[in-house]
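Written out below as structure tokens is the structure these notes cover.
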Amino acid sequence: MQILYFAGIRELTKEKERQCPVPVATVHELLLTLSARYGTAFRQKVFNGDGQLSDVVIVLVNGRDIRHLNGLETPLAAEDTVCIFPVVAGG
Amino acid sequence: MYGWTGTILRVNLTTGQITREPTSPRLAKQFIGARGLATKMMYDEVDPKVDPLSPANKLIFAPGPFTGTYAPSGGRYDVVTKGPLTGTIAASNSGGFFGAELKYAGYDLLIVEGKAEKPVYLWINDDQVEIRDASHLWGQTVPDTTDLVRAETDEDAKVACIGPAGERLVLFANVMNEMHRAAGRSGVGAVMGSKNLKAIAILGSGTVTVADPAAFKAAVLKARKKIQDHPVGGTGLRVYGTDVLVNILNQIGGLPTRNFHTGYFPTADKVGGESQAARHLIRPRGCFSCIISCGRATRVTNPKYAGEGEGPEYESAWAFGPDCGIDDLDAITKANYVCNELGLDTITMGTTIACAMDMFEDGILTPQETDGLAVTFGNAEVLVELVRKTAYREGFGMQLAEGSYRLAMHYEHPEYSMSVKKQEMPAYDPRSVQGVGLNYATGNRGGCHVRGYTVSVEVLGNPFKMDNLATEGKADLTITFQNLTAALDSTGACLFTTFGLGADELAEMLTALTGVTYTTDDFMKTGDRIWNLERLWNLRAGLTAADDTLPERLLKEPLPSGAAKGHVSGQPEMLPEYYAHRGWTPEGVPTPEKLQALGLA
């Protein structure tokens with residue numbers, strides 16, 4: 001499973017991408033695993049105070065926003081690509 | 001009047017007559033200013049069938065009530081005219097400091113009429129207005145013109161001008177102010193060139209008066225905090241600029257690549273905002289009264305493409321990059337610099353080159369037509385040269401100077417032009433972002449994202465999230481964004497204030513500033529009124545519902561790769577609902593009842 005980081009998320013991970021080190025079944029499990037790796041600042045970025053997905057990140061699984069899938073419970077498979085963005089905009 | 005200066009300056013270049021007239025409080029209330037008020041003046045004074053490059057067309061420089069105040073990011077103005085690229089009403093919006101200076105000189109609008117016998121420039125120093133000879137400036141680049149005009153007038157003067165492209169009536173020439181800010185789209189610079197007007201210099205010593213200073217201050221402080229607390233308005237745009245969008249659009253399969261053949265560009269990260277920040281960024285830059293600072297002061301040190309300037313913004317980086325199959329950010333940035341120096345719209349320039357590359361790859365164009373150049377996707381070497389040739393109308397540049405639609409039509413292959421109403425679409429593929437396709441198709445100036453930026457909801461989730469691949473609900477979303485933006489543009493606020501603000505805050509500030517009560521509903525209805533007025537202009541110019549469509553490629557060819565693989569645009573199925581919800585007939589004509597309700601009957 002490939003995980004890609006963009007914009008301000010890269011400042012927290014200090015890397016652009018990574019292969020998931022352990023098997024995870026859902027986006028929630030993945031973000032918990034990554035929070036353990038990257039620390040508090042990353043965790044506080046991706047989760048809000050209630051442990052739900054923060055509203056300042058966008059998570060895509062194979063290019064689909066998880067808000068249109070099953071949110072944090074979106075299932076993951078080994079061949080999936082997960083992208084984590086901060087909320088960005090422009091035009 | 002408060003917020004408005006109460007005076008319109010009119011300059012006739014044919015007769016040399018310079019006159020002033022009062023701003024109508026009634027029209028100011030109904031159309032606010034900038035895009036709205038200037039469109040109303042055009043509607044009342046100019047035949048929509050006018051040849052856009054004839055003396056009978058008018059050219060209006062139009063700040064809004066917020067322009068020149070400390071309303072957050074309130075430094076915008078519009079250049080309003082009939083656009084030569086599209087034949088539609090054109091309102092090209094720019095930032096910088098020029099608009100604010102026009103207000104300080106005492107004017108709500110500057111209306112330029114007629115055509116000078118020889119090149120001239122305007123020098124507006126409060127109520128002293130001169131038409132000066134510009135023969136020595138003709139042929140100069142934008143930076144050189146700006147420096148020369150300042151040297152002849154005042155070192156603090158704010159200067160808007162055209163480059164060699166505007167002089168040569170390139171159909172997508174722009175007007176540049178303070179060297180780096182562009183009223184970019186639809187060819188407003190060609191209209192300026194057609195009038196032999198090289199530049200306008202302004203120095204103002206006045207102010208903008210406020211109806212209720214305490215209420216305005218409170219409303220502005222509240223609005224500033226909302227923007228500063230927003231993750232995009234507060235920090236995101238300042239750090240990475242607009243080009244940060246490259247990667248997310250690419251990942252959802254909506255980054256148009258190689259003239260919209262697909263929506264995924266494998267090496268997109270090399271041209272995104274993260275790469276720009278790491279390699280080229282000197283510092284962020286803001287316009288007048290800006291608290292966002294999305295502008296990019298950049299430098300390229302690679303000797304092959306060395307230069308210094310501003311940008312590219314997302315749309316420009318995309319147009320010269322993925323849309324041309326190019327991932328060399330040095331070359332892309334250089335092409336952007338050359339556009340700014342010679343006065344060209346980057347979106348139409350890049351997409352017209354992409355169209356040419358597409359036609360060359362398919363054998364419709366050969367080296368015989370392209371001055372021996374291999375105009376192939378991915379060829380960064382030819383990119384900068386084609387931009388230069390276009391601005392000077394040299395060789396193959398003569399054909400590129402007409403934009404992609406006329407280029408493709410010339411070879412009887414209009415299907416290669418990725419345009420709506422003859423204006424090229426920007427950097428969001430409608431097969432991946434469904435609502436923006438409806439916005440492009442119905443856009444009052446053709447292919448354009450900033451008239452109804454549904455991307456904000458469909459991709460970014462601001463202020464709420466809708467599925468980018470769905471068509472349900474997108475007609476209403478598009479209408480809401482188009483109306484909101486029409487009103488917002490007319491205030492002089494920057495579109496990016498919507499990363500924090502909505503109609504509530506804008507109406508509150510406008511009320512306190514002008515003393516004219518605008519409820520949120522009033523504000524949105526004013527946007528609806530402006531949109532419908534633009535529609536009426538276009539219908540009278542000869543456009544019809546048949547022009548509210550997208551290129552066949554987007555309607556019939558499914559995306560072959562990326563996250564939206566297999567999708568086509570659902571624009572045709574959304575259009576009837578859009579017309580109905582706008583209060584228009586099935587032929588796209590506003591009904592008498594609708595016009596009555598808006599005060600346009």
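Residues in the structure tokens are named by chain (A, B, ... in the order shown) and by number from 1 within that chain; ligands are numbered from 1 in the order shown.
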(message) Within 6 Å of chain B, which residues belong to chain A? Use only C-alpha atoms and report them as a PyMOL selection string.
(response) chain A and resi 7+63+88+90-91
Selection from above, N, CA and C atoms, as a JSON list (two decimals), in the first residue's frame, can you write it?
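Saved the output as again-v4.json:
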[["chain", "number", "residue", "atom", "x", "y", "z"],
["A", 7, "ALA", "N", 1.96, 18.91, 0.36],
["A", 7, "ALA", "CA", 1.95, 20.25, 0.97],
["A", 7, "ALA", "C", 2.38, 20.17, 2.45],
["A", 63, "GLY", "N", -7.82, 7.96, -5.27],
["A", 63, "GLY", "CA", -8.35, 9.17, -5.89],
["A", 63, "GLY", "C", -9.75, 9.55, -5.47],
["A", 88, "VAL", "N", -6.39, 22.42, 0.94],
["A", 88, "VAL", "CA", -5.69, 23.36, 0.07],
["A", 88, "VAL", "C", -6.71, 23.98, -0.87],
["A", 90, "GLY", "N", -7.03, 27.20, -4.28],
["A", 90, "GLY", "CA", -6.33, 28.16, -5.15],
["A", 90, "GLY", "C", -7.23, 28.54, -6.28],
["A", 91, "GLY", "N", -6.74, 28.43, -7.48],
["A", 91, "GLY", "CA", -7.59, 28.74, -8.62],
["A", 91, "GLY", "C", -6.93, 29.77, -9.51]]
(request) Could you pull out the residues in segment 109-321 of chain B that DSSP calls strand (DSSP E) from the backbone, as a VMD selection string? (result) chain B and resid 109 to 113 120 to 125 128 to 133 158 to 161 175 to 177 181 to 183 197 to 203 281 to 285 295 to 300 307 to 310
Take the selection from the previous step and output its residues with N, CA and C atoms, as a compact mmCIF listing (two decimals), in the first residue's frame.
# COMPACT_ATOMS: atom_id res chain seq x y z
N LEU B 109 -15.39 54.88 -11.97
CA LEU B 109 -15.14 54.22 -13.26
C LEU B 109 -14.29 55.15 -14.12
N LEU B 110 -13.47 54.56 -14.94
CA LEU B 110 -12.81 55.28 -16.04
C LEU B 110 -13.31 54.64 -17.33
N ILE B 111 -14.03 55.43 -18.11
CA ILE B 111 -14.58 54.91 -19.38
C ILE B 111 -13.76 55.49 -20.53
N VAL B 112 -13.13 54.61 -21.29
CA VAL B 112 -12.32 55.04 -22.43
C VAL B 112 -13.11 54.76 -23.71
N GLU B 113 -13.23 55.80 -24.53
CA GLU B 113 -14.01 55.69 -25.77
C GLU B 113 -13.14 56.04 -26.97
N VAL B 120 -0.96 56.76 -27.46
CA VAL B 120 -1.04 57.72 -26.35
C VAL B 120 -1.06 56.96 -25.03
N TYR B 121 -0.81 57.71 -23.96
CA TYR B 121 -1.11 57.17 -22.63
C TYR B 121 -1.84 58.23 -21.83
N LEU B 122 -2.56 57.77 -20.80
CA LEU B 122 -3.32 58.67 -19.93
C LEU B 122 -2.54 58.92 -18.65
N TRP B 123 -2.53 60.16 -18.24
CA TRP B 123 -1.90 60.50 -16.95
C TRP B 123 -2.99 61.16 -16.10
N ILE B 124 -3.40 60.43 -15.08
CA ILE B 124 -4.48 60.88 -14.20
C ILE B 124 -3.88 61.23 -12.84
N ASN B 125 -3.80 62.49 -12.54
CA ASN B 125 -3.26 62.95 -11.26
C ASN B 125 -4.39 63.71 -10.56
N GLN B 128 -6.41 66.32 -12.51
CA GLN B 128 -5.64 66.70 -13.69
C GLN B 128 -5.50 65.46 -14.58
N VAL B 129 -6.13 65.51 -15.74
CA VAL B 129 -6.11 64.35 -16.64
C VAL B 129 -5.56 64.77 -17.99
N GLU B 130 -4.53 64.07 -18.45
CA GLU B 130 -3.89 64.42 -19.72
C GLU B 130 -3.83 63.19 -20.62
N ILE B 131 -4.00 63.45 -21.91
CA ILE B 131 -3.72 62.43 -22.92
C ILE B 131 -2.35 62.77 -23.49
N ARG B 132 -1.39 61.90 -23.27
CA ARG B 132 -0.01 62.20 -23.66
C ARG B 132 0.46 61.29 -24.80
N ASP B 133 1.39 61.79 -25.55
CA ASP B 133 1.97 61.03 -26.65
C ASP B 133 2.71 59.80 -26.10
N LYS B 158 0.66 54.49 -10.19
CA LYS B 158 0.33 53.10 -10.48
C LYS B 158 0.02 53.02 -11.97
N VAL B 159 0.64 52.06 -12.64
CA VAL B 159 0.59 52.02 -14.10
C VAL B 159 -0.03 50.70 -14.58
N ALA B 160 -1.03 50.82 -15.43
CA ALA B 160 -1.57 49.67 -16.17
C ALA B 160 -1.22 49.88 -17.64
N CYS B 161 -0.82 48.81 -18.31
CA CYS B 161 -0.40 48.99 -19.70
C CYS B 161 -0.56 47.69 -20.48
N VAL B 175 -4.18 43.15 -19.99
CA VAL B 175 -3.74 44.43 -19.43
C VAL B 175 -2.99 44.10 -18.15
N MET B 176 -1.77 44.61 -18.03
CA MET B 176 -0.95 44.34 -16.84
C MET B 176 -0.86 45.60 -15.99
N ASN B 177 -0.99 45.44 -14.67
CA ASN B 177 -0.75 46.59 -13.80
C ASN B 177 0.33 46.25 -12.77
N ARG B 181 0.57 42.08 -12.23
CA ARG B 181 -0.84 41.69 -12.02
C ARG B 181 -1.59 41.83 -13.34
N ALA B 182 -2.42 40.86 -13.64
CA ALA B 182 -3.03 40.79 -14.96
C ALA B 182 -4.55 40.82 -14.93
N ALA B 183 -5.13 41.70 -15.74
CA ALA B 183 -6.53 41.54 -16.15
C ALA B 183 -6.43 40.66 -17.39
N LEU B 197 -4.05 52.96 -27.09
CA LEU B 197 -3.81 53.37 -25.70
C LEU B 197 -2.77 52.43 -25.10
N LYS B 198 -1.58 52.92 -24.88
CA LYS B 198 -0.49 52.08 -24.41
C LYS B 198 -0.52 51.89 -22.89
N ALA B 199 -0.88 52.93 -22.17
CA ALA B 199 -0.79 52.85 -20.70
C ALA B 199 -1.69 53.87 -20.04
N ILE B 200 -1.95 53.61 -18.76
CA ILE B 200 -2.66 54.56 -17.91
C ILE B 200 -1.86 54.68 -16.62
N ALA B 201 -1.49 55.89 -16.26
CA ALA B 201 -0.79 56.13 -14.99
C ALA B 201 -1.70 56.93 -14.09
N ILE B 202 -1.76 56.54 -12.83
CA ILE B 202 -2.67 57.20 -11.89
C ILE B 202 -1.94 57.54 -10.59
N LEU B 203 -2.20 58.73 -10.11
CA LEU B 203 -1.76 59.11 -8.77
C LEU B 203 -2.95 59.80 -8.10
N LEU B 281 10.61 29.95 -5.17
CA LEU B 281 9.96 31.01 -4.38
C LEU B 281 10.98 31.89 -3.67
N ILE B 282 10.83 33.20 -3.87
CA ILE B 282 11.63 34.16 -3.09
C ILE B 282 10.82 34.56 -1.87
N ARG B 283 9.57 34.95 -2.09
CA ARG B 283 8.68 35.32 -0.99
C ARG B 283 7.24 35.43 -1.50
N PRO B 284 6.26 35.30 -0.59
CA PRO B 284 4.88 35.55 -1.00
C PRO B 284 4.67 37.04 -1.22
N ARG B 285 3.68 37.37 -2.04
CA ARG B 285 3.33 38.78 -2.25
C ARG B 285 1.83 38.98 -2.19
N GLY B 295 0.32 35.61 -3.93
CA GLY B 295 1.26 35.91 -5.01
C GLY B 295 2.63 35.31 -4.74
N ARG B 296 3.31 34.97 -5.81
CA ARG B 296 4.63 34.32 -5.71
C ARG B 296 5.70 35.18 -6.37
N ALA B 297 6.59 35.74 -5.60
CA ALA B 297 7.78 36.35 -6.19
C ALA B 297 8.78 35.23 -6.39
N THR B 298 9.19 35.01 -7.63
CA THR B 298 9.99 33.82 -7.94
C THR B 298 11.22 34.18 -8.76
N ARG B 299 12.18 33.26 -8.77
CA ARG B 299 13.40 33.43 -9.57
C ARG B 299 13.81 32.07 -10.12
N VAL B 300 14.19 32.07 -11.38
CA VAL B 300 14.74 30.85 -12.01
C VAL B 300 16.21 31.11 -12.29
N GLY B 307 15.41 33.99 -15.09
CA GLY B 307 14.55 35.17 -15.03
C GLY B 307 14.03 35.38 -13.63
N GLU B 308 13.32 36.47 -13.47
CA GLU B 308 12.74 36.80 -12.17
C GLU B 308 11.42 37.50 -12.41
N GLY B 309 10.46 37.17 -11.60
CA GLY B 309 9.15 37.79 -11.77
C GLY B 309 8.17 37.27 -10.76
N GLU B 310 6.93 37.09 -11.20
CA GLU B 310 5.91 36.53 -10.31
C GLU B 310 5.25 35.32 -10.97
(request) Would you mind listing what lies within 8 Å of Leu53 of chain A as a ChimeraX atom specification, with only C-alpha atoms counted and same-chain residues fewer than 4 positions away left out? (result) /A:46-48,57,71-72
How about saving the chosen residues, N, CA and C atoms kept, as a short mmCIF file (atom, residue, chain, number, x, y, z; two decimals), in the first residue's frame?
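Okay, again.cif is ready:
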data_model
loop_
_atom_site.label_atom_id
_atom_site.label_comp_id
_atom_site.auth_asym_id
_atom_site.auth_seq_id
_atom_site.Cartn_x
_atom_site.Cartn_y
_atom_site.Cartn_z
N VAL A 46 -4.57 15.05 11.67
CA VAL A 46 -5.51 14.16 10.97
C VAL A 46 -6.75 13.80 11.79
N PHE A 47 -6.62 13.89 13.12
CA PHE A 47 -7.79 13.59 13.98
C PHE A 47 -8.21 14.86 14.72
N ASN A 48 -9.51 15.01 14.92
CA ASN A 48 -9.96 16.09 15.80
C ASN A 48 -9.99 15.59 17.24
N VAL A 57 -7.90 18.18 6.84
CA VAL A 57 -7.19 17.27 5.94
C VAL A 57 -8.16 16.67 4.93
N GLY A 71 -15.76 6.95 4.99
CA GLY A 71 -15.06 7.76 5.99
C GLY A 71 -13.87 7.01 6.55
N LEU A 72 -13.66 7.14 7.85
CA LEU A 72 -12.52 6.47 8.48
C LEU A 72 -12.62 4.95 8.39
#
(request) Fewer than 3 positions away in the same chain doesn't count, so skip those; otherwise give me all residues within 8 Å of His28 of chain A, counting only C-alpha atoms, as number ranges by chain. (result) A: 31-32, 72-74
(request) Assign secondary structure with DSSP using the backbone only, and return the residues of segment 232-466 of chain B in alpha helix (DSSP H) as a ChimeraX atom specification. (result) /B:237-240,245-251,273-279,314-320,329-342,346-361,380-391,397-400,403-410,434-442,455
With C-alpha atoms retained, write the just-selected residues as a PDB file, in the first residue's frame.
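The resulting file, result-v5.pdb, is shown below:
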ATOM      1  CA  LEU B 237      -2.206  30.100   0.168  1.00  0.00           C
ATOM      2  CA  ARG B 238       0.609  32.121   1.706  1.00  0.00           C
ATOM      3  CA  VAL B 239       2.890  29.098   2.059  1.00  0.00           C
ATOM      4  CA  TYR B 240       2.294  27.202  -1.176  1.00  0.00           C
ATOM      5  CA  LEU B 245      -3.673  22.470  -6.458  1.00  0.00           C
ATOM      6  CA  VAL B 246      -1.657  20.509  -9.026  1.00  0.00           C
ATOM      7  CA  ASN B 247      -1.317  17.383  -6.927  1.00  0.00           C
ATOM      8  CA  ILE B 248      -4.839  17.086  -5.591  1.00  0.00           C
ATOM      9  CA  LEU B 249      -6.383  17.638  -9.016  1.00  0.00           C
ATOM     10  CA  ASN B 250      -3.998  15.073 -10.429  1.00  0.00           C
ATOM     11  CA  GLN B 251      -4.824  12.522  -7.753  1.00  0.00           C
ATOM     12  CA  GLY B 273       3.292  24.317  -5.449  1.00  0.00           C
ATOM     13  CA  GLU B 274       5.501  22.179  -3.245  1.00  0.00           C
ATOM     14  CA  SER B 275       8.202  22.110  -5.952  1.00  0.00           C
ATOM     15  CA  GLN B 276       7.745  25.794  -6.683  1.00  0.00           C
ATOM     16  CA  ALA B 277       8.155  26.674  -3.000  1.00  0.00           C
ATOM     17  CA  ALA B 278      11.293  24.557  -2.760  1.00  0.00           C
ATOM     18  CA  ARG B 279      12.950  25.686  -5.990  1.00  0.00           C
ATOM     19  CA  TYR B 314      -1.838  27.144 -10.709  1.00  0.00           C
ATOM     20  CA  GLU B 315      -3.658  27.758 -13.972  1.00  0.00           C
ATOM     21  CA  SER B 316      -0.512  29.004 -15.690  1.00  0.00           C
ATOM     22  CA  ALA B 317       1.671  26.192 -14.391  1.00  0.00           C
ATOM     23  CA  TRP B 318      -0.921  23.722 -15.621  1.00  0.00           C
ATOM     24  CA  ALA B 319      -1.404  25.355 -19.033  1.00  0.00           C
ATOM     25  CA  PHE B 320       2.313  25.376 -19.855  1.00  0.00           C
ATOM     26  CA  LEU B 329       9.140  23.885 -14.010  1.00  0.00           C
ATOM     27  CA  ASP B 330      11.994  26.146 -15.139  1.00  0.00           C
ATOM     28  CA  ALA B 331      10.637  26.296 -18.694  1.00  0.00           C
ATOM     29  CA  ILE B 332       7.054  26.667 -17.475  1.00  0.00           C
ATOM     30  CA  THR B 333       8.018  29.568 -15.224  1.00  0.00           C
ATOM     31  CA  LYS B 334       9.947  31.239 -18.011  1.00  0.00           C
ATOM     32  CA  ALA B 335       6.963  30.973 -20.348  1.00  0.00           C
ATOM     33  CA  ASN B 336       4.882  32.609 -17.623  1.00  0.00           C
ATOM     34  CA  TYR B 337       7.410  35.452 -17.240  1.00  0.00           C
ATOM     35  CA  VAL B 338       7.424  36.077 -20.993  1.00  0.00           C
ATOM     36  CA  CYS B 339       3.611  36.260 -21.026  1.00  0.00           C
ATOM     37  CA  ASN B 340       3.722  38.876 -18.278  1.00  0.00           C
ATOM     38  CA  GLU B 341       6.440  40.869 -20.013  1.00  0.00           C
ATOM     39  CA  LEU B 342       4.786  40.827 -23.431  1.00  0.00           C
ATOM     40  CA  THR B 346      -1.299  32.529 -19.754  1.00  0.00           C
ATOM     41  CA  ILE B 347      -4.314  30.207 -19.789  1.00  0.00           C
ATOM     42  CA  THR B 348      -5.225  30.806 -23.416  1.00  0.00           C
ATOM     43  CA  MET B 349      -1.555  30.914 -24.440  1.00  0.00           C
ATOM     44  CA  GLY B 350      -0.729  27.559 -22.858  1.00  0.00           C
ATOM     45  CA  THR B 351      -3.860  25.823 -24.030  1.00  0.00           C
ATOM     46  CA  THR B 352      -3.479  27.193 -27.542  1.00  0.00           C
ATOM     47  CA  ILE B 353       0.035  25.733 -27.646  1.00  0.00           C
ATOM     48  CA  ALA B 354      -1.406  22.454 -26.299  1.00  0.00           C
ATOM     49  CA  CYS B 355      -3.964  22.517 -29.113  1.00  0.00           C
ATOM     50  CA  ALA B 356      -1.176  23.066 -31.644  1.00  0.00           C
ATOM     51  CA  MET B 357       0.826  20.197 -30.153  1.00  0.00           C
ATOM     52  CA  ASP B 358      -2.208  17.939 -30.400  1.00  0.00           C
ATOM     53  CA  MET B 359      -2.733  18.890 -34.054  1.00  0.00           C
ATOM     54  CA  PHE B 360       0.974  18.449 -34.788  1.00  0.00           C
ATOM     55  CA  GLU B 361       1.034  14.977 -33.220  1.00  0.00           C
ATOM     56  CA  ALA B 380       9.783  22.393 -23.377  1.00  0.00           C
ATOM     57  CA  GLU B 381      12.354  23.805 -25.778  1.00  0.00           C
ATOM     58  CA  VAL B 382       9.732  25.204 -28.141  1.00  0.00           C
ATOM     59  CA  LEU B 383       7.404  26.469 -25.428  1.00  0.00           C
ATOM     60  CA  VAL B 384       9.068  29.797 -24.680  1.00  0.00           C
ATOM     61  CA  GLU B 385       9.787  30.438 -28.345  1.00  0.00           C
ATOM     62  CA  LEU B 386       6.135  29.926 -29.280  1.00  0.00           C
ATOM     63  CA  VAL B 387       5.059  32.407 -26.614  1.00  0.00           C
ATOM     64  CA  ARG B 388       7.427  35.024 -27.983  1.00  0.00           C
ATOM     65  CA  LYS B 389       6.374  34.374 -31.578  1.00  0.00           C
ATOM     66  CA  THR B 390       2.729  34.775 -30.576  1.00  0.00           C
ATOM     67  CA  ALA B 391       3.200  38.124 -28.858  1.00  0.00           C
ATOM     68  CA  GLY B 397       2.757  32.921 -33.994  1.00  0.00           C
ATOM     69  CA  MET B 398       0.382  34.709 -36.349  1.00  0.00           C
ATOM     70  CA  GLN B 399      -1.954  31.700 -36.125  1.00  0.00           C
ATOM     71  CA  LEU B 400      -1.430  31.110 -32.415  1.00  0.00           C
ATOM     72  CA  GLY B 403      -6.394  31.453 -29.922  1.00  0.00           C
ATOM     73  CA  SER B 404      -7.057  27.736 -30.156  1.00  0.00           C
ATOM     74  CA  TYR B 405     -10.571  27.922 -31.611  1.00  0.00           C
ATOM     75  CA  ARG B 406      -9.625  29.959 -34.661  1.00  0.00           C
ATOM     76  CA  LEU B 407      -6.386  27.981 -35.049  1.00  0.00           C
ATOM     77  CA  ALA B 408      -8.255  24.670 -35.111  1.00  0.00           C
ATOM     78  CA  MET B 409     -11.030  26.077 -37.311  1.00  0.00           C
ATOM     79  CA  HIS B 410      -8.449  27.310 -39.799  1.00  0.00           C
ATOM     80  CA  GLN B 434     -18.799  17.528 -12.951  1.00  0.00           C
ATOM     81  CA  GLY B 435     -20.128  20.833 -11.663  1.00  0.00           C
ATOM     82  CA  VAL B 436     -17.301  22.874 -13.087  1.00  0.00           C
ATOM     83  CA  GLY B 437     -18.214  21.558 -16.545  1.00  0.00           C
ATOM     84  CA  LEU B 438     -21.664  23.088 -16.187  1.00  0.00           C
ATOM     85  CA  ASN B 439     -20.027  26.306 -15.017  1.00  0.00           C
ATOM     86  CA  TYR B 440     -17.722  26.350 -18.060  1.00  0.00           C
ATOM     87  CA  ALA B 441     -20.605  25.672 -20.446  1.00  0.00           C
ATOM     88  CA  THR B 442     -22.806  28.407 -19.016  1.00  0.00           C
ATOM     89  CA  VAL B 455     -14.265  23.138  -7.347  1.00  0.00           C
TER      90      VAL B 455
END
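One distance worth recording is that between atom CA of Lys195 of chain B and atom CA of Asp144 of chain B, which is 20.3 Å.
Closest approach to Ala89 of chain A among A:Val56, A:Met1, A:Ala36, A:Leu76: A:Val56, based on only C-alpha atoms.
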(request) For atom CA of Ile227 of chain B and atom CA of Thr497 of chain B, determine how far apart the two atoms are, in Å to one decimal place. (result) 6.7 Å
(message) Rounded to one decimal, what separation in Å do you get between atom CA of Trp537 of chain B and atom CA of Val80 of chain B?
(response) 12.6 Å
(request) Would you list the contacts of Ala546 of chain B as a PyMOL selection string, taking every protein, DNA or RNA residue within 10 Å and counting only C-alpha atoms, but skipping same-chain residues closer than 3 positions in sequence? (result) chain B and resi 421+441+543+549+587-588
Those selected residues, please, written with all heavy atoms and delivered as a PDB file, in the first residue's frame.
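Now in again-v3.pdb:
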ATOM      1  N   LYS B 421     -17.271  28.953 -25.960  1.00  0.00           N
ATOM      2  CA  LYS B 421     -17.493  30.305 -26.493  1.00  0.00           C
ATOM      3  C   LYS B 421     -16.153  30.908 -26.949  1.00  0.00           C
ATOM      4  O   LYS B 421     -15.878  32.090 -26.726  1.00  0.00           O
ATOM      5  CB  LYS B 421     -18.199  31.201 -25.470  1.00  0.00           C
ATOM      6  CG  LYS B 421     -19.565  30.661 -25.014  1.00  0.00           C
ATOM      7  CD  LYS B 421     -20.241  31.576 -24.010  1.00  0.00           C
ATOM      8  CE  LYS B 421     -21.618  31.043 -23.616  1.00  0.00           C
ATOM      9  NZ  LYS B 421     -21.601  30.026 -22.562  1.00  0.00           N
ATOM     10  N   ALA B 441     -19.666  25.624 -19.316  1.00  0.00           N
ATOM     11  CA  ALA B 441     -20.605  25.672 -20.446  1.00  0.00           C
ATOM     12  C   ALA B 441     -21.506  26.904 -20.379  1.00  0.00           C
ATOM     13  O   ALA B 441     -21.844  27.482 -21.401  1.00  0.00           O
ATOM     14  CB  ALA B 441     -21.451  24.400 -20.476  1.00  0.00           C
ATOM     15  N   LEU B 543     -25.207  35.274 -29.290  1.00  0.00           N
ATOM     16  CA  LEU B 543     -24.991  33.947 -28.738  1.00  0.00           C
ATOM     17  C   LEU B 543     -26.332  33.299 -28.413  1.00  0.00           C
ATOM     18  O   LEU B 543     -27.327  33.997 -28.170  1.00  0.00           O
ATOM     19  CB  LEU B 543     -24.121  34.015 -27.475  1.00  0.00           C
ATOM     20  CG  LEU B 543     -22.616  34.158 -27.740  1.00  0.00           C
ATOM     21  CD1 LEU B 543     -22.256  35.607 -27.993  1.00  0.00           C
ATOM     22  CD2 LEU B 543     -21.781  33.615 -26.611  1.00  0.00           C
ATOM     23  N   THR B 549     -22.183  24.813 -24.209  1.00  0.00           N
ATOM     24  CA  THR B 549     -21.794  23.406 -24.303  1.00  0.00           C
ATOM     25  C   THR B 549     -20.288  23.264 -24.161  1.00  0.00           C
ATOM     26  O   THR B 549     -19.559  24.259 -24.098  1.00  0.00           O
ATOM     27  CB  THR B 549     -22.286  22.803 -25.636  1.00  0.00           C
ATOM     28  OG1 THR B 549     -22.081  21.383 -25.615  1.00  0.00           O
ATOM     29  CG2 THR B 549     -21.541  23.400 -26.824  1.00  0.00           C
ATOM     30  N   GLU B 587     -34.783  27.519 -23.913  1.00  0.00           N
ATOM     31  CA  GLU B 587     -33.792  28.023 -24.893  1.00  0.00           C
ATOM     32  C   GLU B 587     -32.748  28.902 -24.221  1.00  0.00           C
ATOM     33  O   GLU B 587     -31.928  29.542 -24.907  1.00  0.00           O
ATOM     34  CB  GLU B 587     -34.508  28.823 -25.990  1.00  0.00           C
ATOM     35  CG  GLU B 587     -35.392  27.981 -26.898  1.00  0.00           C
ATOM     36  CD  GLU B 587     -36.687  27.549 -26.220  1.00  0.00           C
ATOM     37  OE1 GLU B 587     -37.274  28.365 -25.485  1.00  0.00           O
ATOM     38  OE2 GLU B 587     -37.089  26.377 -26.399  1.00  0.00           O
ATOM     39  N   GLY B 588     -32.793  28.979 -22.905  1.00  0.00           N
ATOM     40  CA  GLY B 588     -31.764  29.727 -22.198  1.00  0.00           C
ATOM     41  C   GLY B 588     -31.963  31.229 -22.192  1.00  0.00           C
ATOM     42  O   GLY B 588     -31.006  31.989 -22.024  1.00  0.00           O
TER      43      GLY B 588
END
(message) Neighbouring residues of Lys118 of chain B were defined as those with any atom within 8 Å, considering only C-alpha atoms; residues of the same chain fewer than 3 positions away were excluded. Please report them as a ChimeraX atom specification.
(response) /B:133-135,196
(request) List the neighbours of Cys290 of chain B out to 10 Å using only C-alpha atoms; skip same-chain residues closer than 6 positions along the sequence, and give me the result as a list in words. (result)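 Residues meeting the cut-off are Tyr70, Ala71, Pro72, Ser73, Gly74, Gly75, Gly95, Gly96, Arg224, Ala493, Cys494 and Thr497 of chain B.
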(request) Point out the residue among A:Gln52, A:Gln2, A:Gln44, A:Thr81 with the least atom-to-atom distance to Arg67 of chain A, counting only C-alpha atoms. (result)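 Residue with the minimum atom-to-atom distance to Arg67 of chain A: A:Gln52.
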